[in-house]
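Listing of input_6.pdb, PDB, N, CA and C atoms and all ligand atoms
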```
ATOM      1  N   MET A1092      51.713 -17.249 -29.540
ATOM      2  CA  MET A1092      50.745 -18.358 -29.551
ATOM      3  C   MET A1092      51.435 -19.668 -29.193
ATOM      4  N   GLY A1093      50.860 -20.446 -28.277
ATOM      5  CA  GLY A1093      51.461 -21.716 -27.882
ATOM      6  C   GLY A1093      51.267 -22.772 -28.954
ATOM      7  N   ARG A1094      52.068 -23.839 -28.844
ATOM      8  CA  ARG A1094      51.907 -24.881 -29.858
ATOM      9  C   ARG A1094      50.628 -25.676 -29.594
ATOM     10  N   ASP A1095      50.150 -26.322 -30.652
ATOM     11  CA  ASP A1095      48.925 -27.112 -30.526
ATOM     12  C   ASP A1095      49.221 -28.326 -29.651
ATOM     13  N   ARG A1096      48.489 -28.426 -28.527
ATOM     14  CA  ARG A1096      48.734 -29.521 -27.595
ATOM     15  C   ARG A1096      47.607 -30.559 -27.635
ATOM     16  N   SER A1097      46.770 -30.480 -28.686
ATOM     17  CA  SER A1097      45.650 -31.438 -28.763
ATOM     18  C   SER A1097      46.105 -32.785 -29.326
ATOM     19  N   THR A1098      47.321 -32.798 -29.909
ATOM     20  CA  THR A1098      47.863 -34.065 -30.393
ATOM     21  C   THR A1098      49.286 -34.240 -29.872
ATOM     22  N   TYR A1099      49.718 -35.494 -29.866
ATOM     23  CA  TYR A1099      51.105 -35.796 -29.473
ATOM     24  C   TYR A1099      51.618 -36.817 -30.482
ATOM     25  N   THR A1100      52.673 -36.474 -31.170
ATOM     26  CA  THR A1100      53.208 -37.267 -32.291
ATOM     27  C   THR A1100      52.083 -37.763 -33.209
ATOM     28  N   GLY A1101      51.148 -36.860 -33.480
ATOM     29  CA  GLY A1101      50.058 -37.177 -34.404
ATOM     30  C   GLY A1101      48.906 -37.952 -33.774
ATOM     31  N   LEU A1102      49.003 -38.259 -32.493
ATOM     32  CA  LEU A1102      47.935 -39.029 -31.823
ATOM     33  C   LEU A1102      47.075 -38.069 -31.002
ATOM     34  N   PRO A1103      45.759 -38.329 -30.911
ATOM     35  CA  PRO A1103      44.907 -37.440 -30.110
ATOM     36  C   PRO A1103      45.327 -37.477 -28.638
ATOM     37  N   ARG A1104      45.595 -36.323 -28.085
ATOM     38  CA  ARG A1104      46.107 -36.249 -26.708
ATOM     39  C   ARG A1104      45.174 -36.909 -25.699
ATOM     40  N   GLU A1105      43.868 -36.749 -25.903
ATOM     41  CA  GLU A1105      42.940 -37.258 -24.868
ATOM     42  C   GLU A1105      42.920 -38.789 -24.797
ATOM     43  N   LYS A1106      43.498 -39.444 -25.802
ATOM     44  CA  LYS A1106      43.538 -40.920 -25.764
ATOM     45  C   LYS A1106      44.780 -41.448 -25.033
ATOM     46  N   ILE A1107      45.721 -40.563 -24.736
ATOM     47  CA  ILE A1107      46.971 -40.987 -24.103
ATOM     48  C   ILE A1107      46.852 -40.788 -22.591
ATOM     49  N   LYS A1108      46.975 -41.870 -21.847
ATOM     50  CA  LYS A1108      46.719 -41.777 -20.399
ATOM     51  C   LYS A1108      47.974 -41.389 -19.607
ATOM     52  N   TRP A1109      48.626 -40.338 -20.052
ATOM     53  CA  TRP A1109      49.801 -39.817 -19.345
ATOM     54  C   TRP A1109      49.381 -38.645 -18.456
ATOM     55  N   HIS A1110      49.509 -38.806 -17.164
ATOM     56  CA  HIS A1110      49.188 -37.719 -16.233
ATOM     57  C   HIS A1110      49.717 -38.114 -14.853
ATOM     58  N   PRO A1111      49.878 -37.142 -13.963
ATOM     59  CA  PRO A1111      50.357 -37.477 -12.618
ATOM     60  C   PRO A1111      49.289 -38.200 -11.805
ATOM     61  N   ARG A1112      49.754 -38.970 -10.835
ATOM     62  CA  ARG A1112      48.847 -39.572  -9.846
ATOM     63  C   ARG A1112      49.330 -39.077  -8.487
ATOM     64  N   ILE A1113      48.374 -38.838  -7.611
ATOM     65  CA  ILE A1113      48.738 -38.347  -6.273
ATOM     66  C   ILE A1113      48.470 -39.446  -5.255
ATOM     67  N   ASP A1114      49.490 -39.761  -4.493
ATOM     68  CA  ASP A1114      49.338 -40.719  -3.388
ATOM     69  C   ASP A1114      48.749 -39.949  -2.203
ATOM     70  N   LYS A1115      47.470 -40.192  -1.952
ATOM     71  CA  LYS A1115      46.757 -39.436  -0.909
ATOM     72  C   LYS A1115      47.324 -39.721   0.489
ATOM     73  N   THR A1116      47.994 -40.843   0.646
ATOM     74  CA  THR A1116      48.542 -41.151   1.969
ATOM     75  C   THR A1116      49.803 -40.319   2.245
ATOM     76  N   ARG A1117      50.409 -39.783   1.197
ATOM     77  CA  ARG A1117      51.613 -38.949   1.386
ATOM     78  C   ARG A1117      51.331 -37.458   1.263
ATOM     79  N   CYS A1118      50.389 -37.111   0.396
ATOM     80  CA  CYS A1118      50.128 -35.700   0.087
ATOM     81  C   CYS A1118      49.650 -34.944   1.320
ATOM     82  N   ASN A1119      50.235 -33.772   1.534
ATOM     83  CA  ASN A1119      49.800 -32.903   2.623
ATOM     84  C   ASN A1119      49.951 -31.451   2.172
ATOM     85  N   PRO A1120      48.919 -30.918   1.513
ATOM     86  CA  PRO A1120      49.034 -29.578   0.922
ATOM     87  C   PRO A1120      49.325 -28.482   1.932
ATOM     88  N   ARG A1121      48.940 -28.680   3.184
ATOM     89  CA  ARG A1121      49.219 -27.643   4.196
ATOM     90  C   ARG A1121      50.723 -27.537   4.432
ATOM     91  N   GLU A1122      51.409 -28.641   4.242
ATOM     92  CA  GLU A1122      52.862 -28.632   4.458
ATOM     93  C   GLU A1122      53.618 -27.955   3.302
ATOM     94  N   CYS A1123      53.146 -28.149   2.075
ATOM     95  CA  CYS A1123      53.887 -27.627   0.910
ATOM     96  C   CYS A1123      53.284 -26.347   0.357
ATOM     97  N   GLY A1124      52.108 -25.945   0.875
ATOM     98  CA  GLY A1124      51.467 -24.731   0.347
ATOM     99  C   GLY A1124      50.923 -24.939  -1.057
ATOM    100  N   TYR A1125      50.444 -26.133  -1.337
ATOM    101  CA  TYR A1125      49.862 -26.450  -2.657
ATOM    102  C   TYR A1125      50.872 -26.196  -3.779
ATOM    103  N   HIS A1126      52.053 -26.675  -3.554
ATOM    104  CA  HIS A1126      53.142 -26.347  -4.475
ATOM    105  C   HIS A1126      52.874 -26.817  -5.902
ATOM    106  N   CYS A1127      52.379 -28.045  -6.085
ATOM    107  CA  CYS A1127      52.156 -28.551  -7.456
ATOM    108  C   CYS A1127      51.116 -27.709  -8.193
ATOM    109  N   VAL A1128      50.117 -27.195  -7.463
ATOM    110  CA  VAL A1128      49.073 -26.383  -8.102
ATOM    111  C   VAL A1128      49.693 -25.126  -8.705
ATOM    112  N   SER A1129      50.577 -24.477  -7.953
ATOM    113  CA  SER A1129      51.176 -23.249  -8.490
ATOM    114  C   SER A1129      52.320 -23.547  -9.463
ATOM    115  N   PHE A1130      52.946 -24.702  -9.336
ATOM    116  CA  PHE A1130      54.072 -25.023 -10.218
ATOM    117  C   PHE A1130      53.628 -25.353 -11.646
ATOM    118  N   CYS A1131      52.555 -26.114 -11.789
ATOM    119  CA  CYS A1131      52.180 -26.638 -13.113
ATOM    120  C   CYS A1131      51.649 -25.529 -14.025
ATOM    121  N   PRO A1132      52.315 -25.281 -15.168
ATOM    122  CA  PRO A1132      51.858 -24.219 -16.068
ATOM    123  C   PRO A1132      50.618 -24.620 -16.875
ATOM    124  N   PHE A1133      50.269 -25.911 -16.836
ATOM    125  CA  PHE A1133      49.146 -26.401 -17.651
ATOM    126  C   PHE A1133      47.868 -26.591 -16.837
ATOM    127  N   LYS A1134      47.916 -26.175 -15.559
ATOM    128  CA  LYS A1134      46.731 -26.239 -14.679
ATOM    129  C   LYS A1134      46.163 -27.657 -14.573
ATOM    130  N   VAL A1135      47.065 -28.632 -14.431
ATOM    131  CA  VAL A1135      46.645 -30.033 -14.311
ATOM    132  C   VAL A1135      46.050 -30.304 -12.926
ATOM    133  N   PHE A1136      46.579 -29.618 -11.907
ATOM    134  CA  PHE A1136      46.126 -29.826 -10.523
ATOM    135  C   PHE A1136      45.161 -28.719 -10.102
ATOM    136  N   SER A1137      44.234 -29.075  -9.213
ATOM    137  CA  SER A1137      43.348 -28.059  -8.618
ATOM    138  C   SER A1137      43.205 -28.298  -7.125
ATOM    139  N   ARG A1138      42.894 -27.246  -6.437
ATOM    140  CA  ARG A1138      42.576 -27.339  -5.003
ATOM    141  C   ARG A1138      41.101 -27.640  -4.868
ATOM    142  N   VAL A1139      40.777 -28.667  -4.103
ATOM    143  CA  VAL A1139      39.368 -28.998  -3.854
ATOM    144  C   VAL A1139      39.208 -29.344  -2.375
ATOM    145  N   ASP A1140      38.466 -28.510  -1.653
ATOM    146  CA  ASP A1140      38.158 -28.756  -0.241
ATOM    147  C   ASP A1140      39.393 -29.128   0.581
ATOM    148  N   GLY A1141      40.450 -28.366   0.450
ATOM    149  CA  GLY A1141      41.650 -28.610   1.267
ATOM    150  C   GLY A1141      42.515 -29.750   0.774
ATOM    151  N   THR A1142      42.176 -30.308  -0.395
ATOM    152  CA  THR A1142      43.020 -31.361  -0.972
ATOM    153  C   THR A1142      43.441 -30.927  -2.378
ATOM    154  N   VAL A1143      44.264 -31.756  -3.009
ATOM    155  CA  VAL A1143      44.665 -31.490  -4.386
ATOM    156  C   VAL A1143      44.193 -32.642  -5.251
ATOM    157  N   VAL A1144      43.612 -32.313  -6.398
ATOM    158  CA  VAL A1144      43.174 -33.354  -7.332
ATOM    159  C   VAL A1144      43.773 -33.091  -8.721
ATOM    160  N   VAL A1145      43.877 -34.174  -9.482
ATOM    161  CA  VAL A1145      44.347 -34.063 -10.876
ATOM    162  C   VAL A1145      43.083 -33.805 -11.707
ATOM    163  N   SER A1146      42.779 -32.516 -11.896
ATOM    164  CA  SER A1146      41.491 -32.173 -12.506
ATOM    165  C   SER A1146      41.553 -32.068 -14.027
ATOM    166  N   ASN A1147      42.749 -31.862 -14.575
ATOM    167  CA  ASN A1147      42.883 -31.746 -16.036
ATOM    168  C   ASN A1147      43.968 -32.685 -16.556
ATOM    169  N   PRO A1148      43.748 -33.992 -16.443
ATOM    170  CA  PRO A1148      44.811 -34.937 -16.788
ATOM    171  C   PRO A1148      45.303 -34.812 -18.229
ATOM    172  N   SER A1149      44.388 -34.516 -19.162
ATOM    173  CA  SER A1149      44.837 -34.494 -20.555
ATOM    174  C   SER A1149      45.519 -33.185 -20.937
ATOM    175  N   SER A1150      45.626 -32.244 -19.977
ATOM    176  CA  SER A1150      46.432 -31.036 -20.237
ATOM    177  C   SER A1150      47.899 -31.273 -19.916
ATOM    178  N   CYS A1151      48.198 -32.393 -19.287
ATOM    179  CA  CYS A1151      49.587 -32.678 -18.892
ATOM    180  C   CYS A1151      50.454 -32.875 -20.135
ATOM    181  N   ASN A1152      51.671 -32.352 -20.069
ATOM    182  CA  ASN A1152      52.626 -32.414 -21.168
ATOM    183  C   ASN A1152      53.191 -33.852 -21.239
ATOM    184  N   VAL A1153      52.869 -34.557 -22.311
ATOM    185  CA  VAL A1153      53.243 -35.976 -22.389
ATOM    186  C   VAL A1153      54.763 -36.156 -22.233
ATOM    187  N   GLY A1154      55.145 -37.038 -21.325
ATOM    188  CA  GLY A1154      56.562 -37.341 -21.104
ATOM    189  C   GLY A1154      57.229 -36.441 -20.075
ATOM    190  N   ASP A1155      56.523 -35.405 -19.662
ATOM    191  CA  ASP A1155      57.096 -34.432 -18.722
ATOM    192  C   ASP A1155      56.657 -34.796 -17.305
ATOM    193  N   GLU A1156      57.628 -35.069 -16.440
ATOM    194  CA  GLU A1156      57.266 -35.378 -15.051
ATOM    195  C   GLU A1156      57.986 -34.454 -14.085
ATOM    196  N   SER A1157      58.167 -33.192 -14.528
ATOM    197  CA  SER A1157      58.933 -32.269 -13.692
ATOM    198  C   SER A1157      58.261 -31.997 -12.345
ATOM    199  N   CYS A1158      56.933 -32.040 -12.277
ATOM    200  CA  CYS A1158      56.267 -31.760 -10.992
ATOM    201  C   CYS A1158      56.596 -32.838  -9.959
ATOM    202  N   ARG A1159      56.887 -34.032 -10.436
ATOM    203  CA  ARG A1159      57.222 -35.127  -9.509
ATOM    204  C   ARG A1159      58.424 -34.737  -8.624
ATOM    205  N   PHE A1160      59.369 -34.040  -9.225
ATOM    206  CA  PHE A1160      60.579 -33.654  -8.487
ATOM    207  C   PHE A1160      60.344 -32.440  -7.601
ATOM    208  N   GLN A1161      59.209 -31.775  -7.813
ATOM    209  CA  GLN A1161      58.882 -30.587  -7.022
ATOM    210  C   GLN A1161      58.169 -30.938  -5.717
ATOM    211  N   CYS A1162      57.512 -32.091  -5.697
ATOM    212  CA  CYS A1162      56.725 -32.439  -4.508
ATOM    213  C   CYS A1162      57.664 -32.816  -3.361
ATOM    214  N   PRO A1163      57.605 -32.075  -2.260
ATOM    215  CA  PRO A1163      58.533 -32.338  -1.161
ATOM    216  C   PRO A1163      58.230 -33.633  -0.415
ATOM    217  N   LEU A1164      57.019 -34.195  -0.646
ATOM    218  CA  LEU A1164      56.622 -35.390   0.102
ATOM    219  C   LEU A1164      56.613 -36.650  -0.760
ATOM    220  N   GLY A1165      57.085 -36.532  -1.980
ATOM    221  CA  GLY A1165      57.156 -37.712  -2.860
ATOM    222  C   GLY A1165      55.788 -38.319  -3.135
ATOM    223  N   ALA A1166      54.772 -37.449  -3.251
ATOM    224  CA  ALA A1166      53.398 -37.959  -3.420
ATOM    225  C   ALA A1166      52.981 -38.098  -4.879
ATOM    226  N   ILE A1167      53.808 -37.589  -5.806
ATOM    227  CA  ILE A1167      53.408 -37.586  -7.221
ATOM    228  C   ILE A1167      54.149 -38.686  -7.970
ATOM    229  N   SER A1168      53.399 -39.455  -8.768
ATOM    230  CA  SER A1168      54.051 -40.469  -9.601
ATOM    231  C   SER A1168      53.471 -40.420 -11.014
ATOM    232  N   PHE A1169      54.202 -41.044 -11.926
ATOM    233  CA  PHE A1169      53.812 -41.078 -13.341
ATOM    234  C   PHE A1169      53.980 -42.498 -13.863
ATOM    235  N   PRO A1170      53.376 -42.791 -15.019
ATOM    236  CA  PRO A1170      53.679 -44.073 -15.656
ATOM    237  C   PRO A1170      55.179 -44.146 -15.965
ATOM    238  N   THR A1171      55.702 -45.354 -16.080
ATOM    239  CA  THR A1171      57.116 -45.503 -16.442
ATOM    240  C   THR A1171      57.283 -45.223 -17.940
ATOM    241  N   ARG A1172      58.534 -45.091 -18.363
ATOM    242  CA  ARG A1172      58.818 -44.877 -19.801
ATOM    243  C   ARG A1172      58.280 -46.039 -20.626
ATOM    244  N   GLU A1173      58.443 -47.237 -20.073
ATOM    245  CA  GLU A1173      57.988 -48.447 -20.775
ATOM    246  C   GLU A1173      56.459 -48.409 -20.909
ATOM    247  N   GLU A1174      55.762 -48.015 -19.836
ATOM    248  CA  GLU A1174      54.294 -47.922 -19.898
ATOM    249  C   GLU A1174      53.869 -46.859 -20.917
ATOM    250  N   LEU A1175      54.596 -45.741 -20.972
ATOM    251  CA  LEU A1175      54.276 -44.694 -21.949
ATOM    252  C   LEU A1175      54.431 -45.236 -23.367
ATOM    253  N   LYS A1176      55.519 -45.953 -23.593
ATOM    254  CA  LYS A1176      55.752 -46.524 -24.922
ATOM    255  C   LYS A1176      54.604 -47.453 -25.326
ATOM    256  N   MET A1177      54.173 -48.275 -24.390
ATOM    257  CA  MET A1177      53.075 -49.212 -24.659
ATOM    258  C   MET A1177      51.760 -48.464 -24.921
ATOM    259  N   MET A1178      51.522 -47.385 -24.148
ATOM    260  CA  MET A1178      50.295 -46.585 -24.342
ATOM    261  C   MET A1178      50.254 -46.027 -25.754
ATOM    262  N   LEU A1179      51.399 -45.463 -26.185
ATOM    263  CA  LEU A1179      51.449 -44.841 -27.511
ATOM    264  C   LEU A1179      51.236 -45.891 -28.590
ATOM    265  N   LYS A1180      51.834 -47.054 -28.382
ATOM    266  CA  LYS A1180      51.702 -48.142 -29.346
ATOM    267  C   LYS A1180      50.227 -48.575 -29.452
ATOM    268  N   THR A1181      49.578 -48.708 -28.308
ATOM    269  CA  THR A1181      48.169 -49.139 -28.286
ATOM    270  C   THR A1181      47.278 -48.123 -28.999
ATOM    271  N   VAL A1182      47.482 -46.829 -28.716
ATOM    272  CA  VAL A1182      46.654 -45.791 -29.345
ATOM    273  C   VAL A1182      46.905 -45.778 -30.854
ATOM    274  N   ARG A1183      48.169 -45.907 -31.247
ATOM    275  CA  ARG A1183      48.509 -45.898 -32.679
ATOM    276  C   ARG A1183      47.851 -47.082 -33.387
ATOM    277  N   GLU A1184      47.943 -48.249 -32.773
ATOM    278  CA  GLU A1184      47.350 -49.452 -33.380
ATOM    279  C   GLU A1184      45.831 -49.321 -33.492
ATOM    280  N   GLU A1185      45.213 -48.733 -32.465
ATOM    281  CA  GLU A1185      43.765 -48.563 -32.469
ATOM    282  C   GLU A1185      43.344 -47.633 -33.622
ATOM    283  N   LEU A1186      44.113 -46.544 -33.798
ATOM    284  CA  LEU A1186      43.794 -45.604 -34.886
ATOM    285  C   LEU A1186      43.963 -46.273 -36.237
ATOM    286  N   GLU A1187      45.020 -47.063 -36.360
ATOM    287  CA  GLU A1187      45.275 -47.748 -37.643
ATOM    288  C   GLU A1187      44.152 -48.744 -37.945
ATOM    289  N   ARG A1188      43.713 -49.453 -36.886
ATOM    290  CA  ARG A1188      42.616 -50.422 -37.064
ATOM    291  C   ARG A1188      41.349 -49.702 -37.516
ATOM    292  N   ASN A1189      41.058 -48.553 -36.889
ATOM    293  CA  ASN A1189      39.841 -47.811 -37.236
ATOM    294  C   ASN A1189      39.906 -47.191 -38.629
ATOM    295  N   ALA A1190      41.141 -46.926 -39.090
ATOM    296  CA  ALA A1190      41.301 -46.301 -40.416
ATOM    297  C   ALA A1190      41.189 -47.330 -41.535
ATOM    298  N   SER A1191      41.406 -48.600 -41.220
ATOM    299  CA  SER A1191      41.430 -49.613 -42.298
ATOM    300  C   SER A1191      40.051 -50.229 -42.523
TER     301      SER A1191
HETATM  302  S1  LIG A1201      53.252 -30.806  -4.020
HETATM  303 FE1  LIG A1201      52.974 -32.943  -3.282
HETATM  304  S2  LIG A1201      52.359 -32.725  -1.109
HETATM  305 FE2  LIG A1201      52.058 -30.731  -2.107
HETATM  306  S3  LIG A1201      49.907 -30.714  -2.759
HETATM  307 FE3  LIG A1201      51.129 -31.430  -4.515
HETATM  308  S4  LIG A1201      51.125 -33.689  -4.353
HETATM  309 FE4  LIG A1201      50.478 -32.872  -2.351
END
```

Take the structure in the file and give it back as structure tokens.
Amino acid sequence: MGRDRSTYTGLPREKIKWHPRIDKTRCNPRECGYHCVSFCPFKVFSRVDGTVVVSNPSSCNVGDESCRFQCPLGAISFPTREELKMMLKTVREELERNAS
């Protein structure tokens, strides 16, 4: 059984905006054979009408950007570490505000 991925450090995963972005001007799935789609074990990417889309952003493993290094055309990007830290801080503060 896999670990519970609905939370990350106690925060609801769907509130954390960590996921890959695809630069459509660089992406060319015919050249790579849809490599990111087959590489990602969490099914974050999907094939749609000859293109690739980020169809399951909240399934992405928070902090993991291994697919970025797999893309031969440098089309995948992620938030920076600093942006991730700020996202987590914002979600945590929001939860604390709602709890009080
Ligand atoms: S691996 Fe890169 S070039 Fe290939 S489909 Fe994914 S984003 Fe596009």

Requested in this report: Would you write out, as number ranges by chain, every residue that the PyMOL selection byres (((chain A and resi 1110 and name CA) around 6) and not hetatm and name CA) captures in this file?
Outcome: A: 1109, 1111, 1148, 1151

Requested in this report: For atom C of A:Asp1140 and atom CA of A:Ser1168, quote the distance in Å rounded to one decimal.
Outcome: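 Computing it gives 21.1 Å between the two atoms.
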
**Report entry** Nearest candidate to A:Pro1132 (options A:Ala1190, A:Ile1107, A:Ser1150, A:Phe1160; using only N, CA and C atoms)
**Finding:** A:Ser1150

Report task. Enumerate as JSON, numbers by chain all residues of chain A assigned to alpha helix (DSSP H) by DSSP on the backbone, naming them with the chain letters and numbers the document uses. Result -> {"A": [1120, 1121, 1122, 1123, 1126, 1127, 1128, 1129, 1130, 1157, 1158, 1159, 1160, 1161, 1172, 1173, 1174, 1175, 1176, 1177, 1178, 1179, 1180, 1181, 1182, 1183, 1184, 1185, 1186, 1187, 1188, 1189, 1190]}

At a cut-off of 10 Å, can you tabulate as JSON lines every residue of chain A near ligand LIG 1201 (chain A) together with its closest atom pair and the distance in Å to one decimal, using only C-alpha atoms and all ligand atoms and ordering rows by chain then number?
```
{"residue": "A:Pro1111", "atom": "CA", "partner": "A:LIG1201", "partner_atom": "S4", "distance": 9.1}
{"residue": "A:Arg1112", "atom": "CA", "partner": "A:LIG1201", "partner_atom": "S4", "distance": 8.4}
{"residue": "A:Ile1113", "atom": "CA", "partner": "A:LIG1201", "partner_atom": "S4", "distance": 5.6}
{"residue": "A:Asp1114", "atom": "CA", "partner": "A:LIG1201", "partner_atom": "S4", "distance": 7.3}
{"residue": "A:Lys1115", "atom": "CA", "partner": "A:LIG1201", "partner_atom": "FE4", "distance": 7.7}
{"residue": "A:Thr1116", "atom": "CA", "partner": "A:LIG1201", "partner_atom": "FE4", "distance": 9.5}
{"residue": "A:Arg1117", "atom": "CA", "partner": "A:LIG1201", "partner_atom": "S2", "distance": 6.7}
{"residue": "A:Cys1118", "atom": "CA", "partner": "A:LIG1201", "partner_atom": "FE4", "distance": 3.8}
{"residue": "A:Asn1119", "atom": "CA", "partner": "A:LIG1201", "partner_atom": "S2", "distance": 4.5}
{"residue": "A:Pro1120", "atom": "CA", "partner": "A:LIG1201", "partner_atom": "S3", "distance": 3.9}
{"residue": "A:Arg1121", "atom": "CA", "partner": "A:LIG1201", "partner_atom": "FE2", "distance": 7.6}
{"residue": "A:Glu1122", "atom": "CA", "partner": "A:LIG1201", "partner_atom": "S2", "distance": 6.9}
{"residue": "A:Cys1123", "atom": "CA", "partner": "A:LIG1201", "partner_atom": "FE2", "distance": 4.7}
{"residue": "A:Gly1124", "atom": "CA", "partner": "A:LIG1201", "partner_atom": "FE2", "distance": 6.5}
{"residue": "A:Tyr1125", "atom": "CA", "partner": "A:LIG1201", "partner_atom": "S3", "distance": 4.3}
{"residue": "A:His1126", "atom": "CA", "partner": "A:LIG1201", "partner_atom": "S1", "distance": 4.5}
{"residue": "A:Cys1127", "atom": "CA", "partner": "A:LIG1201", "partner_atom": "FE3", "distance": 4.2}
{"residue": "A:Val1128", "atom": "CA", "partner": "A:LIG1201", "partner_atom": "FE3", "distance": 6.5}
{"residue": "A:Ser1129", "atom": "CA", "partner": "A:LIG1201", "partner_atom": "S1", "distance": 9.0}
{"residue": "A:Phe1130", "atom": "CA", "partner": "A:LIG1201", "partner_atom": "S1", "distance": 8.5}
{"residue": "A:Cys1131", "atom": "CA", "partner": "A:LIG1201", "partner_atom": "FE3", "distance": 9.9}
{"residue": "A:Phe1136", "atom": "CA", "partner": "A:LIG1201", "partner_atom": "FE3", "distance": 8.0}
{"residue": "A:Ser1137", "atom": "CA", "partner": "A:LIG1201", "partner_atom": "S3", "distance": 9.2}
{"residue": "A:Arg1138", "atom": "CA", "partner": "A:LIG1201", "partner_atom": "S3", "distance": 8.4}
{"residue": "A:Gly1141", "atom": "CA", "partner": "A:LIG1201", "partner_atom": "S3", "distance": 9.4}
{"residue": "A:Thr1142", "atom": "CA", "partner": "A:LIG1201", "partner_atom": "S3", "distance": 7.1}
{"residue": "A:Val1143", "atom": "CA", "partner": "A:LIG1201", "partner_atom": "S3", "distance": 5.5}
{"residue": "A:Val1144", "atom": "CA", "partner": "A:LIG1201", "partner_atom": "S4", "distance": 8.5}
{"residue": "A:Val1145", "atom": "CA", "partner": "A:LIG1201", "partner_atom": "S4", "distance": 9.4}
{"residue": "A:Cys1158", "atom": "CA", "partner": "A:LIG1201", "partner_atom": "S1", "distance": 7.7}
{"residue": "A:Arg1159", "atom": "CA", "partner": "A:LIG1201", "partner_atom": "FE1", "distance": 7.8}
{"residue": "A:Phe1160", "atom": "CA", "partner": "A:LIG1201", "partner_atom": "S1", "distance": 9.0}
{"residue": "A:Gln1161", "atom": "CA", "partner": "A:LIG1201", "partner_atom": "S1", "distance": 6.4}
{"residue": "A:Cys1162", "atom": "CA", "partner": "A:LIG1201", "partner_atom": "S1", "distance": 3.9}
{"residue": "A:Pro1163", "atom": "CA", "partner": "A:LIG1201", "partner_atom": "FE1", "distance": 6.0}
{"residue": "A:Leu1164", "atom": "CA", "partner": "A:LIG1201", "partner_atom": "S2", "distance": 5.2}
{"residue": "A:Gly1165", "atom": "CA", "partner": "A:LIG1201", "partner_atom": "FE1", "distance": 6.4}
{"residue": "A:Ala1166", "atom": "CA", "partner": "A:LIG1201", "partner_atom": "S4", "distance": 4.9}
{"residue": "A:Ile1167", "atom": "CA", "partner": "A:LIG1201", "partner_atom": "S4", "distance": 5.4}
{"residue": "A:Ser1168", "atom": "CA", "partner": "A:LIG1201", "partner_atom": "S4", "distance": 9.1}
```

Requested in this report: Work out how far atom CA of A:Asn1147 is from atom C of A:Arg1172, in Å to one decimal.
Outcome: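 Calculated distance between atom C of A:Arg1172 and atom CA of A:Asn1147 is 21.5 Å.
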